[in-house]
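Source file: work.cif; contents: mmCIF, C-alpha atoms.
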```
data_input
#
loop_
_atom_site.label_atom_id
_atom_site.label_comp_id
_atom_site.auth_asym_id
_atom_site.auth_seq_id
_atom_site.Cartn_x
_atom_site.Cartn_y
_atom_site.Cartn_z
CA MET A 4 12.87 -30.74 -7.95
CA THR A 5 13.66 -27.11 -7.58
CA ILE A 6 12.21 -23.77 -8.60
CA ARG A 7 10.36 -24.64 -11.78
CA LEU A 8 9.07 -21.18 -12.65
CA PHE A 9 10.88 -17.86 -12.41
CA ARG A 10 8.15 -15.33 -13.16
CA ILE A 11 7.97 -11.56 -13.47
CA ASP A 12 4.46 -10.42 -12.63
CA ASP A 13 3.57 -7.06 -11.10
CA ARG A 14 0.54 -8.62 -9.39
CA LEU A 15 2.85 -11.06 -7.59
CA ILE A 16 0.71 -13.83 -6.05
CA HIS A 17 -2.69 -14.09 -7.72
CA GLY A 18 -4.98 -16.61 -9.36
CA GLN A 19 -2.90 -17.28 -12.47
CA VAL A 20 0.10 -18.10 -10.32
CA VAL A 21 -1.57 -20.20 -7.63
CA VAL A 22 -4.14 -22.02 -9.74
CA GLY A 23 -2.98 -21.60 -13.34
CA TRP A 24 0.65 -22.57 -12.74
CA GLY A 25 0.63 -23.95 -9.22
CA GLN A 26 -1.78 -26.80 -9.96
CA PRO A 27 -0.14 -28.32 -13.05
CA LEU A 28 3.36 -27.86 -11.66
CA GLY A 29 2.40 -29.33 -8.30
CA ALA A 30 4.00 -26.33 -6.59
CA ARG A 31 4.55 -26.65 -2.86
CA PHE A 32 6.26 -23.35 -2.20
CA ILE A 33 6.15 -19.85 -3.62
CA VAL A 34 8.90 -17.32 -3.06
CA LEU A 35 7.67 -13.74 -3.32
CA VAL A 36 10.60 -11.38 -3.77
CA ASP A 37 9.63 -7.81 -3.00
CA ASP A 38 11.23 -5.42 -0.51
CA GLU A 39 8.00 -3.63 0.33
CA VAL A 40 5.94 -6.75 0.95
CA ARG A 41 8.81 -8.27 2.93
CA ASP A 42 8.42 -5.48 5.47
CA SER A 43 4.62 -5.51 5.71
CA GLU A 44 2.93 -8.27 7.71
CA TRP A 45 -0.44 -6.91 6.67
CA GLU A 46 0.38 -7.32 2.98
CA GLN A 47 1.84 -10.74 3.60
CA ASP A 48 -1.46 -11.84 5.17
CA LEU A 49 -3.28 -10.61 2.08
CA TYR A 50 -1.07 -12.61 -0.26
CA ARG A 51 -1.34 -15.71 1.93
CA MET A 52 -5.14 -15.56 1.71
CA GLY A 53 -4.99 -16.60 -1.92
CA VAL A 54 -2.78 -19.62 -1.34
CA PRO A 55 -3.96 -23.05 -0.13
CA PRO A 56 -2.37 -24.31 3.09
CA GLU A 57 -0.34 -27.03 1.37
CA ILE A 58 1.71 -24.36 -0.41
CA GLU A 59 4.27 -22.52 1.70
CA VAL A 60 4.75 -18.84 0.96
CA ILE A 61 8.17 -17.35 1.58
CA PHE A 62 8.61 -13.58 1.59
CA ALA A 63 12.06 -12.27 0.83
CA SER A 64 13.76 -9.01 0.07
CA ALA A 65 15.83 -8.86 -3.08
CA GLU A 66 18.98 -9.17 -1.00
CA GLU A 67 17.67 -12.13 1.00
CA ALA A 68 16.55 -13.84 -2.18
CA ALA A 69 19.99 -13.58 -3.71
CA ALA A 70 21.51 -15.17 -0.61
CA ARG A 71 18.91 -17.92 -0.27
CA LEU A 72 18.49 -18.84 -3.92
CA PRO A 73 20.84 -21.90 -3.72
CA GLU A 74 18.83 -23.18 -0.75
CA TRP A 75 15.55 -22.90 -2.67
CA GLU A 76 17.06 -24.43 -5.79
CA ALA A 77 18.09 -27.43 -3.72
CA ASP A 78 14.64 -27.80 -2.13
CA PRO A 79 13.11 -31.21 -2.99
CA ARG A 80 9.71 -29.58 -3.45
CA VAL A 81 8.53 -27.79 -6.58
CA GLY A 82 8.70 -24.04 -6.22
CA ILE A 83 7.73 -20.84 -7.99
CA LEU A 84 9.72 -17.63 -7.61
CA LEU A 85 8.04 -14.29 -8.32
CA THR A 86 9.34 -10.79 -8.73
CA GLY A 87 7.30 -7.73 -9.55
CA ASP A 88 9.86 -6.15 -11.87
CA ILE A 89 12.61 -6.94 -14.34
CA ASP A 90 15.48 -5.47 -12.30
CA THR A 91 14.87 -7.74 -9.33
CA MET A 92 14.72 -10.83 -11.53
CA ALA A 93 17.80 -9.83 -13.49
CA ALA A 94 19.77 -9.38 -10.26
CA LEU A 95 18.76 -12.85 -9.12
CA VAL A 96 19.59 -14.44 -12.44
CA SER A 97 23.05 -12.93 -12.28
CA ARG A 98 23.63 -14.78 -8.99
CA SER A 99 22.78 -18.23 -10.30
CA ASP A 100 23.82 -20.20 -13.32
CA ARG A 101 20.86 -22.55 -12.80
CA VAL A 102 18.25 -20.05 -13.92
CA THR A 103 17.82 -20.89 -17.56
CA GLN A 104 14.32 -19.60 -18.22
CA VAL A 105 12.37 -16.52 -17.17
CA ASN A 106 8.64 -16.18 -17.65
CA LEU A 107 6.94 -12.84 -18.22
CA GLY A 108 3.50 -13.24 -16.71
CA GLY A 109 2.22 -9.72 -16.36
CA ILE A 110 3.86 -6.33 -16.78
CA HIS A 111 1.07 -3.84 -17.16
CA HIS A 112 0.64 -0.41 -18.62
CA ARG A 113 2.33 2.58 -17.04
CA PRO A 114 3.38 5.90 -18.50
CA GLY A 115 6.34 5.38 -20.84
CA ARG A 116 5.54 1.76 -21.55
CA ARG A 117 3.99 0.55 -24.77
CA GLU A 118 2.07 -2.61 -25.48
CA ARG A 119 4.11 -5.58 -26.68
CA LEU A 120 1.53 -8.22 -25.84
CA ARG A 121 -1.87 -8.02 -24.21
CA TYR A 122 -0.29 -8.51 -20.78
CA VAL A 123 3.23 -7.20 -21.43
CA TYR A 124 3.97 -3.47 -21.62
CA LEU A 125 7.58 -2.32 -21.65
CA THR A 126 9.62 0.83 -21.90
CA ASP A 127 12.48 0.68 -24.40
CA GLU A 128 14.87 0.47 -21.47
CA GLU A 129 13.02 -2.50 -19.99
CA ALA A 130 13.01 -4.21 -23.38
CA ALA A 131 16.78 -3.73 -23.58
CA LYS A 132 17.20 -5.30 -20.14
CA LEU A 133 15.29 -8.36 -21.28
CA ARG A 134 17.40 -8.60 -24.42
CA ARG A 135 20.51 -8.50 -22.22
CA LEU A 136 19.14 -11.38 -20.15
CA ALA A 137 18.54 -13.35 -23.33
CA SER A 138 21.99 -12.58 -24.68
CA ASN A 139 23.39 -14.11 -21.49
CA GLY A 140 21.75 -17.40 -22.34
CA VAL A 141 18.47 -17.10 -20.44
CA VAL A 142 15.38 -18.12 -22.38
CA VAL A 143 12.87 -15.32 -21.89
CA THR A 144 9.28 -16.00 -22.91
CA ALA A 145 5.91 -14.43 -22.22
CA GLN A 146 3.15 -16.78 -21.12
CA ASP A 147 0.40 -15.75 -18.75
CA VAL A 148 -1.00 -19.24 -18.18
CA PRO A 149 0.41 -22.69 -19.01
CA THR A 150 -2.25 -23.41 -21.63
CA ALA A 151 -1.17 -20.37 -23.65
CA ARG A 152 1.75 -20.43 -26.08
CA ALA A 153 5.09 -19.37 -24.67
CA VAL A 154 5.89 -16.36 -26.84
CA PRO A 155 9.65 -15.99 -27.47
CA LEU A 156 11.15 -12.62 -26.58
CA GLU A 157 12.21 -11.89 -30.14
CA GLU A 158 8.59 -11.97 -31.26
CA PHE A 159 7.57 -8.97 -29.17
CA VAL A 160 10.73 -7.01 -28.35
CA MET B 29 -29.87 10.60 7.10
CA SER B 30 -26.41 9.72 5.84
CA GLU B 31 -25.76 8.83 2.24
CA PRO B 32 -26.68 5.21 1.33
CA LEU B 33 -23.67 3.03 0.81
CA LEU B 34 -22.36 2.29 -2.62
CA GLY B 35 -21.41 -1.25 -3.58
CA VAL B 36 -18.37 -1.67 -5.79
CA ILE B 37 -17.91 -5.13 -7.28
CA VAL B 38 -14.27 -5.94 -8.02
CA SER B 39 -13.76 -8.97 -10.21
CA HIS B 40 -11.80 -10.78 -12.83
CA SER B 41 -12.92 -10.30 -16.41
CA ALA B 42 -16.58 -9.26 -16.85
CA LEU B 43 -18.05 -10.95 -13.78
CA ALA B 44 -18.66 -7.65 -11.96
CA GLN B 45 -20.63 -6.18 -14.86
CA ALA B 46 -22.70 -9.36 -15.11
CA LEU B 47 -23.54 -9.25 -11.40
CA VAL B 48 -24.58 -5.59 -11.62
CA SER B 49 -26.86 -6.43 -14.56
CA ALA B 50 -28.38 -9.38 -12.71
CA VAL B 51 -29.12 -7.32 -9.59
CA GLN B 52 -30.74 -4.60 -11.70
CA ALA B 53 -32.83 -7.16 -13.55
CA ILE B 54 -34.06 -8.78 -10.34
CA THR B 55 -34.60 -5.72 -8.13
CA GLY B 56 -35.02 -2.79 -10.46
CA VAL B 57 -32.61 -0.90 -8.20
CA ASP B 58 -30.26 1.22 -10.25
CA GLY B 59 -27.11 3.02 -9.18
CA ALA B 60 -26.41 1.07 -6.01
CA LEU B 61 -23.64 -1.00 -7.55
CA VAL B 62 -20.68 -0.17 -9.75
CA PRO B 63 -18.56 -2.79 -11.55
CA VAL B 64 -14.76 -2.75 -11.65
CA SER B 65 -12.77 -5.30 -13.62
CA ASN B 66 -9.10 -5.99 -12.98
CA GLU B 67 -8.56 -6.72 -16.68
CA GLY B 68 -5.19 -5.38 -17.80
CA CYS B 69 -4.44 -3.80 -14.42
CA ASP B 70 -1.47 -3.73 -12.14
CA TYR B 71 -2.22 -2.55 -8.60
CA ASP B 72 -1.80 1.13 -9.39
CA ALA B 73 -4.19 0.92 -12.32
CA LEU B 74 -6.73 -1.01 -10.26
CA ALA B 75 -6.51 1.64 -7.54
CA ARG B 76 -7.29 4.32 -10.13
CA ARG B 77 -10.34 2.39 -11.31
CA LEU B 78 -11.49 2.00 -7.72
CA GLU B 79 -10.95 5.71 -7.09
CA ARG B 80 -13.18 6.57 -10.04
CA ALA B 81 -15.84 4.06 -8.99
CA VAL B 82 -15.96 5.07 -5.33
CA ALA B 83 -15.68 8.81 -6.07
CA GLY B 84 -15.38 9.71 -2.40
CA ARG B 85 -18.56 7.92 -1.32
CA PRO B 86 -18.80 5.46 1.58
CA ALA B 87 -18.75 2.02 0.04
CA VAL B 88 -18.43 -1.72 0.42
CA LEU B 89 -16.01 -3.35 -1.99
CA PHE B 90 -17.29 -6.77 -3.03
CA VAL B 91 -14.37 -8.88 -4.25
CA ASP B 92 -14.75 -12.12 -6.21
CA LEU B 93 -12.15 -14.34 -4.55
CA PRO B 94 -10.71 -14.55 -1.03
CA GLY B 95 -7.22 -14.01 -2.40
CA GLY B 96 -5.59 -12.82 -5.57
CA SER B 97 -5.12 -9.55 -7.35
CA CYS B 98 -8.67 -8.22 -6.91
CA LEU B 99 -8.51 -8.70 -3.16
CA THR B 100 -4.99 -7.38 -2.85
CA GLY B 101 -5.85 -4.29 -4.89
CA ALA B 102 -9.13 -3.65 -3.06
CA ALA B 103 -7.67 -4.21 0.40
CA ARG B 104 -4.73 -1.93 -0.33
CA TYR B 105 -7.11 0.75 -1.58
CA ALA B 106 -9.42 0.48 1.44
CA HIS B 107 -6.65 0.14 4.03
CA GLY B 108 -7.04 2.67 6.83
CA ASN B 109 -10.19 4.25 5.38
CA PRO B 110 -13.23 3.72 7.67
CA ALA B 111 -15.55 4.79 4.85
CA LEU B 112 -14.66 1.59 3.00
CA ALA B 113 -15.02 -2.09 3.86
CA VAL B 114 -14.16 -5.22 1.91
CA VAL B 115 -16.05 -8.51 1.51
CA THR B 116 -14.76 -11.47 -0.48
CA GLY B 117 -16.59 -14.28 -2.24
CA VAL B 118 -19.19 -12.02 -3.80
CA ASN B 119 -22.37 -13.75 -4.93
CA LEU B 120 -25.72 -12.64 -6.23
CA ALA B 121 -27.53 -13.36 -2.96
CA MET B 122 -25.34 -11.03 -0.92
CA LEU B 123 -25.75 -8.26 -3.47
CA LEU B 124 -29.53 -8.62 -3.53
CA ASP B 125 -29.55 -8.25 0.25
CA PHE B 126 -27.08 -5.36 0.17
CA VAL B 127 -29.00 -3.11 -2.20
CA PHE B 128 -31.91 -3.03 0.26
CA HIS B 129 -29.73 -2.51 3.36
CA ARG B 130 -27.46 0.36 2.55
CA GLU B 131 -28.27 2.56 5.56
CA ALA B 132 -25.44 1.27 7.70
CA THR B 133 -21.76 1.74 8.27
CA PRO B 134 -19.52 0.05 5.69
CA GLU B 135 -18.32 -2.40 8.32
CA GLN B 136 -21.87 -3.33 9.37
CA ALA B 137 -22.95 -3.72 5.76
CA ALA B 138 -19.92 -5.86 4.96
CA ARG B 139 -20.67 -8.20 7.86
CA ARG B 140 -24.33 -8.47 6.87
CA ALA B 141 -23.38 -9.15 3.25
CA ALA B 142 -20.99 -11.91 4.26
CA GLU B 143 -23.74 -13.58 6.29
CA ALA B 144 -26.30 -13.24 3.50
CA GLY B 145 -23.88 -14.65 0.95
CA ALA B 146 -22.96 -17.62 3.13
CA LYS B 147 -26.62 -18.48 3.78
CA ALA B 148 -27.20 -18.79 0.04
CA ILE B 149 -24.70 -21.62 -0.38
CA ARG B 150 -26.64 -24.85 0.01
CA THR B 151 -26.86 -28.32 -1.47
CA PRO B 152 -30.54 -28.99 -2.15
CA ALA B 153 -31.59 -32.56 -2.79
CA ALA B 154 -31.63 -33.36 -6.49
#
```
Write out the structure in this file as structure tokens.
Amino acid sequence: MTIRLFRIDDRLIHGQVVVGWGQPLGARFIVLVDDEVRDSEWEQDLYRMGVPPEIEVIFASAEEAAARLPEWEADPRVGILLTGDIDTMAALVSRSDRVTQVNLGGIHHRPGRRERLRYVYLTDEEAAKLRRLASNGVVVTAQDVPTARAVPLEEFV
Amino acid sequence: MSEPLLGVIVSHSALAQALVSAVQAITGVDGALVPVSNEGCDYDALARRLERAVAGRPAVLFVDLPGGSCLTGAARYAHGNPALAVVTGVNLAMLLDFVFHREATPEQAARRAAEAGAKAIRTPAA
């Protein structure tokens, strides 16, 4: 086993991740990649509150994640890796040739973004970054929960 | 006398609105509770909804789950503000108790609500 889900979701750890994906995948660790959360014990406690004790939560900065990705990919347990934005995920993907799929789970409305799907809002620049990921061979799909259809990037970008 | 506390229910989907309606139907008390849904929100958007709901009043934020985006958003919003307190695991029983005990500090009201909510969870004989 290894990291089974590479997900971009600006809510980071929340119900869809822990229950929606964590249960069917049998996830036993979650890597949360976010520089701000990495430096805040208080925020880490908040995120841990939503995770059952049998699932380990690992907090990493973007730099730490890039360095430790091979270790997590070799972990015998099933894992989920989360980033809150496209740039962080793209940087990680560029460091590993084992990341073949990226899931868009929630990128919400902000000024400059427009709706592509109910739970995916992107600026044109962000859309271009995702297209670049795809052109490098990564399968990019949007899927908030496992029971929903995985929507291919070309259908909404 | 200080201003009675406001209760802000923070939930997934339409649960918060349903709880507000149920409390109004049972008690006839209006205006003590405000619903906030996290639907379509990142944390910044949820903070803006909370800001509008609280509107500078002392309040208890009743969150649906003890973890997840509603809690994270509510706890971030309330962090460092003594006029706000957070309770998780909102249920109808704790809200019914809260609307009649709003002359307290947010922290006191949050503790009382947690106790009232926990007492309501039972397994009566079938």
Next on the checklist: At a cut-off of 10 Å, using only C-alpha atoms, what residues contact A:Arg98? Leave out same-chain residues fewer than 4 positions from it and give the result as a VMD selection string.
Outcome noted: chain A and resid 68 to 70 72 to 73 93 to 94 102
Counting all atoms listed in the file, which residues of chain A fall within 7 Å of chain B, and what is the closest atom pair for each with its distance in Å at one decimal, ordered by chain and rising number, as JSON lines?
```
{"residue": "A:Asp13", "atom": "CA", "partner": "B:Asp70", "partner_atom": "CA", "distance": 6.1}
{"residue": "A:Arg14", "atom": "CA", "partner": "B:Asp70", "partner_atom": "CA", "distance": 6.0}
{"residue": "A:Ile16", "atom": "CA", "partner": "B:Gly96", "partner_atom": "CA", "distance": 6.4}
{"residue": "A:His17", "atom": "CA", "partner": "B:Gly96", "partner_atom": "CA", "distance": 3.8}
{"residue": "A:Gly18", "atom": "CA", "partner": "B:Gly96", "partner_atom": "CA", "distance": 5.4}
{"residue": "A:Leu49", "atom": "CA", "partner": "B:Thr100", "partner_atom": "CA", "distance": 6.1}
{"residue": "A:Tyr50", "atom": "CA", "partner": "B:Gly95", "partner_atom": "CA", "distance": 6.7}
{"residue": "A:Met52", "atom": "CA", "partner": "B:Gly95", "partner_atom": "CA", "distance": 4.9}
{"residue": "A:Gly53", "atom": "CA", "partner": "B:Gly95", "partner_atom": "CA", "distance": 3.5}
{"residue": "A:His111", "atom": "CA", "partner": "B:Asp70", "partner_atom": "CA", "distance": 5.6}
{"residue": "A:Tyr122", "atom": "CA", "partner": "B:Gly68", "partner_atom": "CA", "distance": 6.5}
```
Checklist entry - Using only C-alpha atoms, which residue out of A:Asp12, A:Val81, A:Val96, A:Ile110 lies closest to A:Glu57? => result A:Val81
Checklist outcome for this item: atom CA of A:Ile89 to atom CA of A:Val154 measures 17.0 Å
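Among the candidates A:Ala77, A:Val123, A:Val160, A:Met92, the one nearest to A:Val141 when counting only C-alpha atoms is A:Met92.
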Next on the checklist: Just to confirm, what's the straight-line distance from atom CA of A:Tyr124 to atom CA of A:His112 in Å (one decimal)?
Outcome noted: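 Taking atom CA of A:Tyr124 and atom CA of A:His112, their separation equals 5.4 Å.
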Item to check | Radius query 6 Å about (4.8, -24.6, -3.8), atoms used: only C-alpha atoms, as a ChimeraX atom specification | outcome: /A:30-33,58-59,81-82
Could you take the residues named above and write them with C-alpha atoms, as a short mmCIF file (atom, residue, chain, number, x, y, z; two decimals), in the frame of the given file?
```
data_model
loop_
_atom_site.label_atom_id
_atom_site.label_comp_id
_atom_site.auth_asym_id
_atom_site.auth_seq_id
_atom_site.Cartn_x
_atom_site.Cartn_y
_atom_site.Cartn_z
CA ALA A 30 4.00 -26.33 -6.59
CA ARG A 31 4.55 -26.65 -2.86
CA PHE A 32 6.26 -23.35 -2.20
CA ILE A 33 6.15 -19.85 -3.62
CA ILE A 58 1.71 -24.36 -0.41
CA GLU A 59 4.27 -22.52 1.70
CA VAL A 81 8.53 -27.79 -6.58
CA GLY A 82 8.70 -24.04 -6.22
#
```
Next on the checklist: I need the residue nearest A:Ile11 from this list: A:Gly115, A:Pro149, A:Gly87, A:Pro155. Use only C-alpha atoms for the distance.
Outcome noted: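 Counting only C-alpha atoms, the residue closest to A:Ile11 is A:Gly87.
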Next on the checklist: One number please: atom CA of B:Ala141 to atom CA of B:Asn119, in Å, one decimal.
Outcome noted: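 Answer for the atom CA of B:Ala141 to atom CA of B:Asn119 separation: 9.4 Å.
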Item to check | Contacts of B:Arg77 within 9 Å, all atoms listed in the file, excl. fewer than 4 positions in-chain, as a ChimeraX atom specification | outcome: /B:64-66,72-73,81-82
Just need the box for stretch 22-31 of chain A, edges along x, y and z, holding every atom the file lists for it with 5 Å tacked onto each side, so centre and edge lengths in Å to one decimal, as JSON.
```
{"center_x": 0.2, "center_y": -25.5, "center_z": -8.1, "size_x": 18.7, "size_y": 17.7, "size_z": 20.5}
```
Next on the checklist: So that I can see what lies close to stretch 50-58 of chain B, please list as a list in words the residues with an atom at most 9 Å from it, counting only C-alpha atoms and leaving out residues fewer than 4 positions away in the same chain.
Outcome noted: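 Final neighbour list, sorted by chain and number: Gln45, Ala46, Leu120, Leu123, Leu124, Val127 and Phe128 of chain B.
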Next on the checklist: (14.4, -24.1, -8.7) in this file's frame - what residues fall within 7 Å of it? Use all atoms listed in the file and give the answer as an MDAnalysis selection string.
Outcome noted: chainID A and resid 4:7 75:76 82
